[in-house]
file entry.txt (compact mmCIF, C-alpha atoms and all ligand atoms)
# COMPACT_ATOMS: atom_id res chain seq x y z
CA THR A 1235 70.96 92.76 53.32
CA ILE A 1236 70.13 93.11 57.01
CA GLU A 1237 72.12 89.97 57.68
CA ASP A 1238 75.25 91.53 56.15
CA GLN A 1239 74.75 94.72 58.13
CA VAL A 1240 74.50 92.71 61.38
CA LYS A 1241 77.71 90.88 60.46
CA ILE A 1242 79.54 94.15 59.78
CA LYS A 1243 78.31 95.73 63.05
CA THR A 1244 79.31 92.62 65.04
CA CYS A 1245 82.75 92.76 63.49
CA GLU A 1246 83.10 96.48 64.26
CA LEU A 1247 82.03 95.92 67.87
CA ALA A 1248 84.51 93.09 68.34
CA LEU A 1249 87.32 95.34 67.02
CA ALA A 1250 86.26 98.21 69.30
CA LYS A 1251 86.17 95.84 72.30
CA GLU A 1252 89.64 94.55 71.49
CA ALA A 1253 90.99 98.11 71.19
CA ALA A 1254 89.39 99.10 74.52
CA GLU A 1255 90.86 96.04 76.26
CA LYS A 1256 94.29 96.79 74.84
CA ALA A 1257 94.08 100.42 76.04
CA SER A 1258 92.98 99.29 79.49
CA MET A 1259 95.85 96.81 79.67
CA ALA A 1260 98.34 99.51 78.60
CA LYS A 1261 96.98 101.82 81.33
CA THR A 1262 97.32 99.10 83.96
CA GLU A 1263 100.85 98.22 82.87
CA PHE A 1264 101.80 101.90 82.94
CA LEU A 1265 100.35 102.23 86.45
CA ALA A 1266 102.24 99.15 87.63
CA SER A 1267 105.61 100.32 86.33
CA MET A 1268 105.07 103.90 87.50
CA SER A 1269 104.14 102.76 91.01
CA HIS A 1270 107.20 100.57 91.10
CA GLU A 1271 109.49 103.40 89.96
CA LEU A 1272 107.98 105.80 92.51
CA ARG A 1273 108.62 103.43 95.39
CA THR A 1274 112.39 103.34 95.00
CA PRO A 1275 113.15 107.04 95.61
CA LEU A 1276 110.44 107.20 98.26
CA ASN A 1277 112.05 104.37 100.21
CA SER A 1278 115.30 106.30 100.22
CA VAL A 1279 113.51 109.45 101.47
CA ILE A 1280 112.06 107.38 104.33
CA GLY A 1281 115.34 105.60 105.07
CA PHE A 1282 117.45 108.77 105.19
CA THR A 1283 114.85 110.72 107.18
CA ARG A 1284 114.85 107.96 109.84
CA ARG A 1285 118.63 107.87 109.84
CA VAL A 1286 118.85 111.63 110.49
CA MET A 1287 116.13 111.35 113.16
CA ASN A 1288 117.98 108.55 114.95
CA ARG A 1289 121.57 109.72 114.61
CA SER A 1290 121.12 113.43 115.10
CA ALA A 1291 118.28 113.52 117.62
CA ASN A 1292 120.44 115.16 120.32
CA ARG A 1293 121.91 117.75 117.94
CA LEU A 1294 118.65 118.98 116.42
CA ASP A 1295 116.23 121.46 117.96
CA GLU A 1296 112.62 120.51 118.60
CA ARG A 1297 111.23 122.28 115.50
CA SER A 1298 113.59 120.43 113.18
CA LEU A 1299 112.72 117.10 114.80
CA ASP A 1300 109.01 117.87 114.42
CA ALA A 1301 109.56 118.75 110.76
CA LEU A 1302 111.38 115.44 110.19
CA ALA A 1303 108.53 113.57 111.89
CA VAL A 1304 106.10 115.21 109.43
CA VAL A 1305 108.30 114.16 106.47
CA ASP A 1306 108.42 110.61 107.86
CA ARG A 1307 104.65 110.42 108.38
CA ASN A 1308 103.72 111.82 104.99
CA ALA A 1309 106.30 109.77 103.11
CA ASN A 1310 104.91 106.64 104.75
CA HIS A 1311 101.38 107.66 103.87
CA LEU A 1312 102.44 108.17 100.25
CA LEU A 1313 104.19 104.78 100.25
CA GLY A 1314 100.94 103.17 101.44
CA LEU A 1315 99.00 104.78 98.57
CA ILE A 1316 101.61 103.74 96.00
CA ASN A 1317 101.65 100.18 97.36
CA ASN A 1318 97.85 100.03 97.01
CA LEU A 1319 98.10 101.25 93.41
CA LEU A 1320 100.77 98.69 92.64
CA ASP A 1321 98.72 95.87 94.15
CA ILE A 1322 95.57 96.90 92.28
CA SER A 1323 97.48 96.98 88.97
CA LYS A 1324 99.05 93.58 89.68
CA LEU A 1325 95.61 92.16 90.44
CA ASP A 1326 94.22 93.65 87.21
CA LEU A 1327 97.05 92.07 85.25
CA GLY A 1328 96.54 88.73 87.03
CA LYS A 1329 100.13 88.96 88.27
CA LEU A 1330 99.44 88.85 91.97
CA GLU A 1331 100.10 85.37 93.27
CA LEU A 1332 99.44 84.16 96.78
CA SER A 1333 102.24 82.65 98.79
CA LEU A 1334 100.32 80.15 100.89
CA THR A 1335 101.35 79.01 104.36
CA GLN A 1336 99.56 77.88 107.53
CA VAL A 1337 98.47 81.03 109.30
CA ALA A 1338 97.42 81.44 112.94
CA LEU A 1339 94.74 84.05 112.36
CA ASP A 1340 94.07 84.48 116.11
CA GLU A 1341 97.70 85.55 116.70
CA MET A 1342 97.64 87.85 113.69
CA LEU A 1343 94.48 89.52 114.99
CA ALA A 1344 95.99 90.00 118.44
CA GLU A 1345 99.07 91.67 116.88
CA THR A 1346 96.96 93.94 114.68
CA LYS A 1347 94.75 94.87 117.61
CA ASN A 1348 97.82 95.93 119.63
CA GLN A 1349 99.10 97.92 116.66
CA PHE A 1350 95.89 99.95 116.45
CA LEU A 1351 95.22 100.25 120.19
CA PRO A 1352 97.18 103.50 120.75
CA MET A 1353 95.42 105.19 117.80
CA ALA A 1354 91.99 104.08 119.04
CA GLU A 1355 92.74 105.11 122.63
CA VAL A 1356 93.61 108.64 121.53
CA LYS A 1357 90.08 108.83 120.09
CA GLY A 1358 88.51 107.37 123.24
CA THR A 1359 87.53 104.19 121.39
CA SER A 1360 87.82 100.78 123.05
CA VAL A 1361 88.98 97.74 121.09
CA GLN A 1362 87.83 94.21 121.93
CA LEU A 1363 89.05 90.93 120.45
CA GLU A 1364 86.94 87.76 120.70
CA CYS A 1365 88.52 84.67 119.13
CA GLN A 1366 86.61 81.41 119.16
CA PHE A 1367 88.82 79.82 116.52
CA HIS A 1368 92.41 78.96 117.34
CA GLY A 1369 93.34 76.69 114.44
CA LEU A 1370 95.42 77.36 111.34
CA ILE A 1371 94.18 78.40 107.92
CA GLU A 1372 95.92 78.10 104.57
CA ALA A 1373 96.51 81.66 103.38
CA ASP A 1374 99.05 84.28 102.32
CA ALA A 1375 100.04 85.84 105.65
CA THR A 1376 101.16 89.19 104.20
CA ARG A 1377 98.00 89.63 102.12
CA LEU A 1378 95.75 88.55 104.96
CA ARG A 1379 97.41 91.03 107.30
CA GLN A 1380 96.80 93.70 104.65
CA VAL A 1381 93.07 92.86 104.64
CA ILE A 1382 92.85 93.04 108.44
CA ILE A 1383 94.82 96.29 108.56
CA ASN A 1384 92.55 97.91 105.94
CA LEU A 1385 89.41 96.99 107.88
CA MET A 1386 90.87 97.99 111.24
CA ALA A 1387 92.23 101.29 109.89
CA ASN A 1388 88.77 102.21 108.60
CA ALA A 1389 87.06 101.19 111.85
CA VAL A 1390 89.47 103.36 113.85
CA LYS A 1391 89.26 106.22 111.36
CA PHE A 1392 85.45 106.43 111.41
CA THR A 1393 84.81 105.81 115.13
CA VAL A 1394 85.15 108.42 117.86
CA GLY A 1395 84.50 107.49 121.47
CA GLY A 1396 82.76 104.24 120.60
CA GLU A 1397 83.67 100.62 120.44
CA ILE A 1398 85.43 98.36 117.96
CA LYS A 1399 85.04 94.61 118.21
CA ILE A 1400 87.01 92.03 116.25
CA CYS A 1401 85.49 88.53 116.22
CA LEU A 1402 86.77 85.27 114.77
CA VAL A 1403 84.51 82.20 114.61
CA GLU A 1404 84.53 78.89 112.77
CA LYS A 1405 81.90 78.80 110.00
CA SER A 1406 81.29 76.41 107.12
CA VAL A 1407 79.69 77.66 103.92
CA GLN A 1408 78.12 75.04 101.65
CA LYS A 1409 79.94 72.36 103.63
CA VAL A 1410 83.33 74.03 103.05
CA PRO A 1411 85.06 74.48 106.43
CA GLY A 1412 86.01 78.09 106.96
CA VAL A 1413 86.29 80.99 109.35
CA GLU A 1414 84.41 84.24 109.64
CA LEU A 1415 86.24 87.36 110.70
CA ARG A 1416 84.15 90.37 111.67
CA VAL A 1417 85.28 93.92 112.35
CA GLU A 1418 82.45 95.81 114.03
CA ASP A 1419 82.38 99.48 114.95
CA THR A 1420 79.89 101.92 116.43
CA GLY A 1421 81.19 104.88 114.36
CA ILE A 1422 79.54 107.09 111.73
CA GLY A 1423 78.56 104.14 109.53
CA ILE A 1424 77.62 104.02 105.85
CA ALA A 1425 74.34 105.14 104.26
CA PRO A 1426 72.32 102.36 102.52
CA ASP A 1427 72.80 104.02 99.08
CA ASP A 1428 76.56 104.01 99.53
CA ILE A 1429 76.95 100.38 100.59
CA GLU A 1430 77.04 98.97 97.06
CA LYS A 1431 79.60 101.54 95.88
CA LEU A 1432 82.02 100.81 98.71
CA PHE A 1433 84.10 98.14 97.02
CA ASN A 1434 84.55 100.09 93.77
CA LYS A 1435 88.03 101.34 92.97
CA PHE A 1436 88.78 104.99 93.80
CA GLN A 1437 85.42 105.24 95.60
CA LYS A 1438 84.98 107.31 98.71
CA VAL A 1439 81.48 107.81 100.03
CA GLY A 1440 79.38 110.17 102.12
CA ARG A 1441 81.04 113.08 103.89
CA GLU A 1442 84.36 111.30 103.51
CA GLU A 1443 84.35 112.22 99.81
CA LYS A 1444 84.83 115.86 100.77
CA LEU A 1445 86.58 115.55 104.12
CA ASN A 1446 89.35 113.11 103.33
CA PRO A 1447 91.28 114.30 100.29
CA GLU A 1448 94.17 112.02 101.30
CA GLY A 1449 92.37 108.69 100.91
CA THR A 1450 92.32 107.10 97.47
CA GLY A 1451 89.29 104.89 97.99
CA LEU A 1452 91.36 101.86 97.01
CA GLY A 1453 91.51 100.12 100.40
CA LEU A 1454 88.22 98.25 100.22
CA ALA A 1455 88.51 97.44 96.50
CA LEU A 1456 91.86 95.84 97.28
CA THR A 1457 90.46 94.10 100.36
CA LYS A 1458 87.68 92.52 98.29
CA GLU A 1459 90.03 91.35 95.54
CA LEU A 1460 92.54 89.90 98.03
CA VAL A 1461 89.77 88.03 99.88
CA GLU A 1462 88.40 86.69 96.58
CA LEU A 1463 91.88 85.57 95.57
CA HIS A 1464 91.76 83.47 98.77
CA LYS A 1465 88.41 82.04 97.50
CA GLY A 1466 86.60 83.94 100.26
CA THR A 1467 83.89 86.58 100.41
CA VAL A 1468 83.46 89.96 102.03
CA SER A 1469 80.26 91.75 102.97
CA VAL A 1470 79.12 94.74 104.96
CA THR A 1471 76.04 95.86 106.88
CA SER A 1472 75.62 99.24 108.48
CA GLU A 1473 73.19 101.09 110.67
CA PRO A 1474 74.75 104.58 110.55
CA GLY A 1475 75.74 105.79 113.99
CA LYS A 1476 74.92 102.44 115.60
CA LEU A 1477 76.73 99.46 114.18
CA THR A 1478 78.83 98.79 111.07
CA VAL A 1479 80.00 95.25 110.43
CA PHE A 1480 82.52 94.14 107.82
CA SER A 1481 82.53 90.33 107.54
CA VAL A 1482 85.16 88.28 105.77
CA TRP A 1483 84.67 84.57 105.21
CA LEU A 1484 87.70 82.47 104.29
CA PRO A 1485 88.02 78.75 103.58
CA GLN A 1486 90.34 76.90 105.98
CA ARG A 1487 92.06 75.18 103.04
CA HIS A 1488 92.78 76.84 99.74
CA GLY A 1489 92.82 73.79 97.42
P1 LIG B 1501 90.58 104.61 101.51
O1 LIG B 1501 91.57 103.66 100.89
O2 LIG B 1501 90.56 105.96 100.88
O3 LIG B 1501 90.60 104.64 103.01
P2 LIG B 1501 88.45 102.63 101.45
O4 LIG B 1501 88.24 101.90 100.17
O5 LIG B 1501 89.14 101.89 102.56
O6 LIG B 1501 89.14 104.02 101.12
O7 LIG B 1501 87.03 103.08 101.99
C1 LIG B 1501 86.13 103.72 101.09
C2 LIG B 1501 85.12 104.52 101.84
O8 LIG B 1501 84.26 103.67 102.59
C3 LIG B 1501 85.70 105.46 102.87
O9 LIG B 1501 86.10 106.66 102.26
C4 LIG B 1501 84.54 105.65 103.82
O10 LIG B 1501 83.67 106.64 103.32
C5 LIG B 1501 83.81 104.32 103.76
N1 LIG B 1501 84.12 103.42 104.92
C6 LIG B 1501 84.95 102.37 104.94
N2 LIG B 1501 84.96 101.76 106.14
C7 LIG B 1501 84.10 102.45 106.93
C8 LIG B 1501 83.67 102.33 108.29
N3 LIG B 1501 84.12 101.36 109.09
N4 LIG B 1501 82.78 103.23 108.74
C9 LIG B 1501 82.30 104.22 107.94
N5 LIG B 1501 82.67 104.39 106.65
C10 LIG B 1501 83.55 103.52 106.15

call {"tool": "encode", "arguments": {"input": "entry.txt", "output": "C-alpha cells"}}
result
Amino acid sequence: TIEDQVKIKTCELALAKEAAEKASMAKTEFLASMSHELRTPLNSVIGFTRRVMNRSANRLDERSLDALAVVDRNANHLLGLINNLLDISKLDLGKLELSLTQVALDEMLAETKNQFLPMAEVKGTSVQLECQFHGLIEADATRLRQVIINLMANAVKFTVGGEIKICLVEKSVQKVPGVELRVEDTGIGIAPDDIEKLFNKFQKVGREEKLNPEGTGLGLALTKELVELHKGTVSVTSEPGKLTVFSVWLPQRHG
C-alpha cells in the first residue's frame, strides 16, 4: 500500500541521513587530527628558523637572512591556516570550550590596534580607536582576541590609503547588557550579493576569489562561530568603496 511505501522511504531516508552524518563526522575528526599533526613539525621549523636568524645574524650574508625571513613569514602564515582549520574542526565536533575570565576589551583593542598600525601605515591607512566602554566583560580572552584580529586583518588587507575606525560602545539587546564592537573601513567593500556568503566556510568573494590564493576563506566563518559561542552576534553592512562595517555584539555576562 502507499502507507507501506511511505514507511519504507522514511526508513531509507533516515538511514541515508545517519550515514551522511557519520561520514561528515569522520571527515571532521580526520581534519582535526591532521591539523594537529601538521602543527608539531611546523612549530619546529619556525623555532629553528628563528634560532638561526637570532644566533647567526652576524655570520650570514644579506641574501641568506632574507631567505630565512621568507621561511619564517610563510611558515607563520601556514601555521595560521592550520590553526584556523583545527579550530573549525573542534567547533564542528563541539569540542571547543570557552575559558571564561573578566576581559578588559578596551585594553585588548588598544593592543590590537598597535599591532596592526605598522601594517596599515605602510598602506597609507590611518587607524582610529574610539572606546566609550571601559568595563569588563565575561569572555574567553584568547578567542576574543582571535575575533578582533580576524576583523582587523581584513580591514587592513582590503583598505589602501583610507581609514579604519574601531569603536566600542555599551549596548543592551532585549534588556541583556552588552557591548557593541565595530570595525569600520573605507576600503574596497563587499558587493550586496556577496554579503550573505561571507560567513560560509572556505568562502572568498569578489575579486579576492582570484587574487588571493593564500586565504582559505575560514576567517569570518570562525569569527561568527566564536562570537556565537559567546552568545553574541555578528553582522556586516557595506557600501563598496565607501564604508564597510563589521559589528559584533557580546553580552557583558555569559551566564
Ligand atoms: P580569509 O580567511 O581567507 O581571509 P575571510 O573569511 O576572513 O577569509 O574573508 C572572506 C572574504 O570576505 C575575503 O576573501 C574578502 O573577499 C571578504 N572580506 C572580508 N572582510 C572584508 C573587508 N573588510 N573588506 C572587503 N572585503 C572583505

call {"tool": "residues_around", "arguments": {"input": "entry.txt", "residues": "Val1470 in chain A", "least_positions_apart": "6", "cutoff": "7 Å", "atoms": "all atoms listed in the file", "output": "short mmCIF file (atom, residue, chain, number, x, y, z; two decimals) with C-alpha atoms, in the coordinates of the input"}}
result
data_model
loop_
_atom_site.label_atom_id
_atom_site.label_comp_id
_atom_site.auth_asym_id
_atom_site.auth_seq_id
_atom_site.Cartn_x
_atom_site.Cartn_y
_atom_site.Cartn_z
CA VAL A 1479 80.00 95.25 110.43
CA PHE A 1480 82.52 94.14 107.82
CA SER A 1481 82.53 90.33 107.54
#

call {"tool": "closest_residue", "arguments": {"input": "entry.txt", "among": "A:Gln1486, A:Asn1434, A:Thr1478, A:Ser1323", "to": "Val1403 in chain A", "atoms": "all atoms listed in the file"}}
result
A:Gln1486

call {"tool": "axis_aligned_box", "arguments": {"input": "entry.txt", "around": "ligand LIG 1501 (chain B)", "padding_each_side": "5 Å", "output": "lines of an AutoDock Vina configuration file"}}
result
center_x = 86.9
center_y = 104.0
center_z = 104.6
size_x = 19.3
size_y = 15.3
size_z = 18.9

call {"tool": "closest_residue", "arguments": {"input": "entry.txt", "among": "A:Ala1250, A:Ala1389, A:Ala1303, A:Ile1242", "to": "ligand LIG 1501 (chain B)", "atoms": "only C-alpha atoms and all ligand atoms"}}
result
A:Ala1389

call {"tool": "atom_distance", "arguments": {"input": "entry.txt", "atom1": "CA of Lys1409 in chain A", "atom2": "CA of Leu1385 in chain A"}}
result
26.7 Å

call {"tool": "atom_distance", "arguments": {"input": "entry.txt", "atom1": "CA of Val1361 in chain A", "atom2": "CA of Trp1483 in chain A"}}
result
21.1 Å

call {"tool": "atom_distance", "arguments": {"input": "entry.txt", "atom1": "CA of Glu1404 in chain A", "atom2": "CA of Pro1474 in chain A"}}
result
27.6 Å

call {"tool": "residues_around", "arguments": {"input": "entry.txt", "residues": "Gln1362 in chain A", "least_positions_apart": "4", "cutoff": "10 Å", "atoms": "all atoms listed in the file", "output": "PyMOL selection string"}}
result
chain A and resi 1344+1347+1351+1397-1401+1417-1418

call {"tool": "residues_near_point", "arguments": {"input": "entry.txt", "point": "(94.6, 82.3, 118.0)", "cutoff": "7 Å", "atoms": "all atoms listed in the file", "output": "list in words"}}
result
Ala1338, Leu1339, Asp1340, Glu1341, Cys1365, Phe1367, His1368 and Gly1369 of chain A

call {"tool": "residues_near_point", "arguments": {"input": "entry.txt", "point": "(98.9, 95.7, 91.8)", "cutoff": "10 Å", "atoms": "only C-alpha atoms", "output": "ChimeraX atom specification"}}
result
/A:1262-1263,1265-1267,1269-1270,1316-1330,1456

call {"tool": "closest_residue", "arguments": {"input": "entry.txt", "among": "A:Lys1251, A:Lys1261, A:Arg1307, A:Arg1293", "to": "Val1279 in chain A", "atoms": "all atoms listed in the file"}}
result
A:Arg1307

call {"tool": "closest_residue", "arguments": {"input": "entry.txt", "among": "A:Leu1313, A:Pro1411, A:Thr1335, A:Thr1420", "to": "Thr1359 in chain A", "atoms": "only C-alpha atoms"}}
result
A:Thr1420

call {"tool": "closest_residue", "arguments": {"input": "entry.txt", "among": "A:Ile1371, A:Arg1379, A:Gln1366, A:Leu1315", "to": "Thr1346 in chain A", "atoms": "all atoms listed in the file"}}
result
A:Arg1379

call {"tool": "closest_residue", "arguments": {"input": "entry.txt", "among": "A:Thr1457, A:Asn1388, A:Ser1469, A:Ser1406", "to": "ligand LIG 1501 (chain B)", "atoms": "all atoms listed in the file"}}
result
A:Asn1388
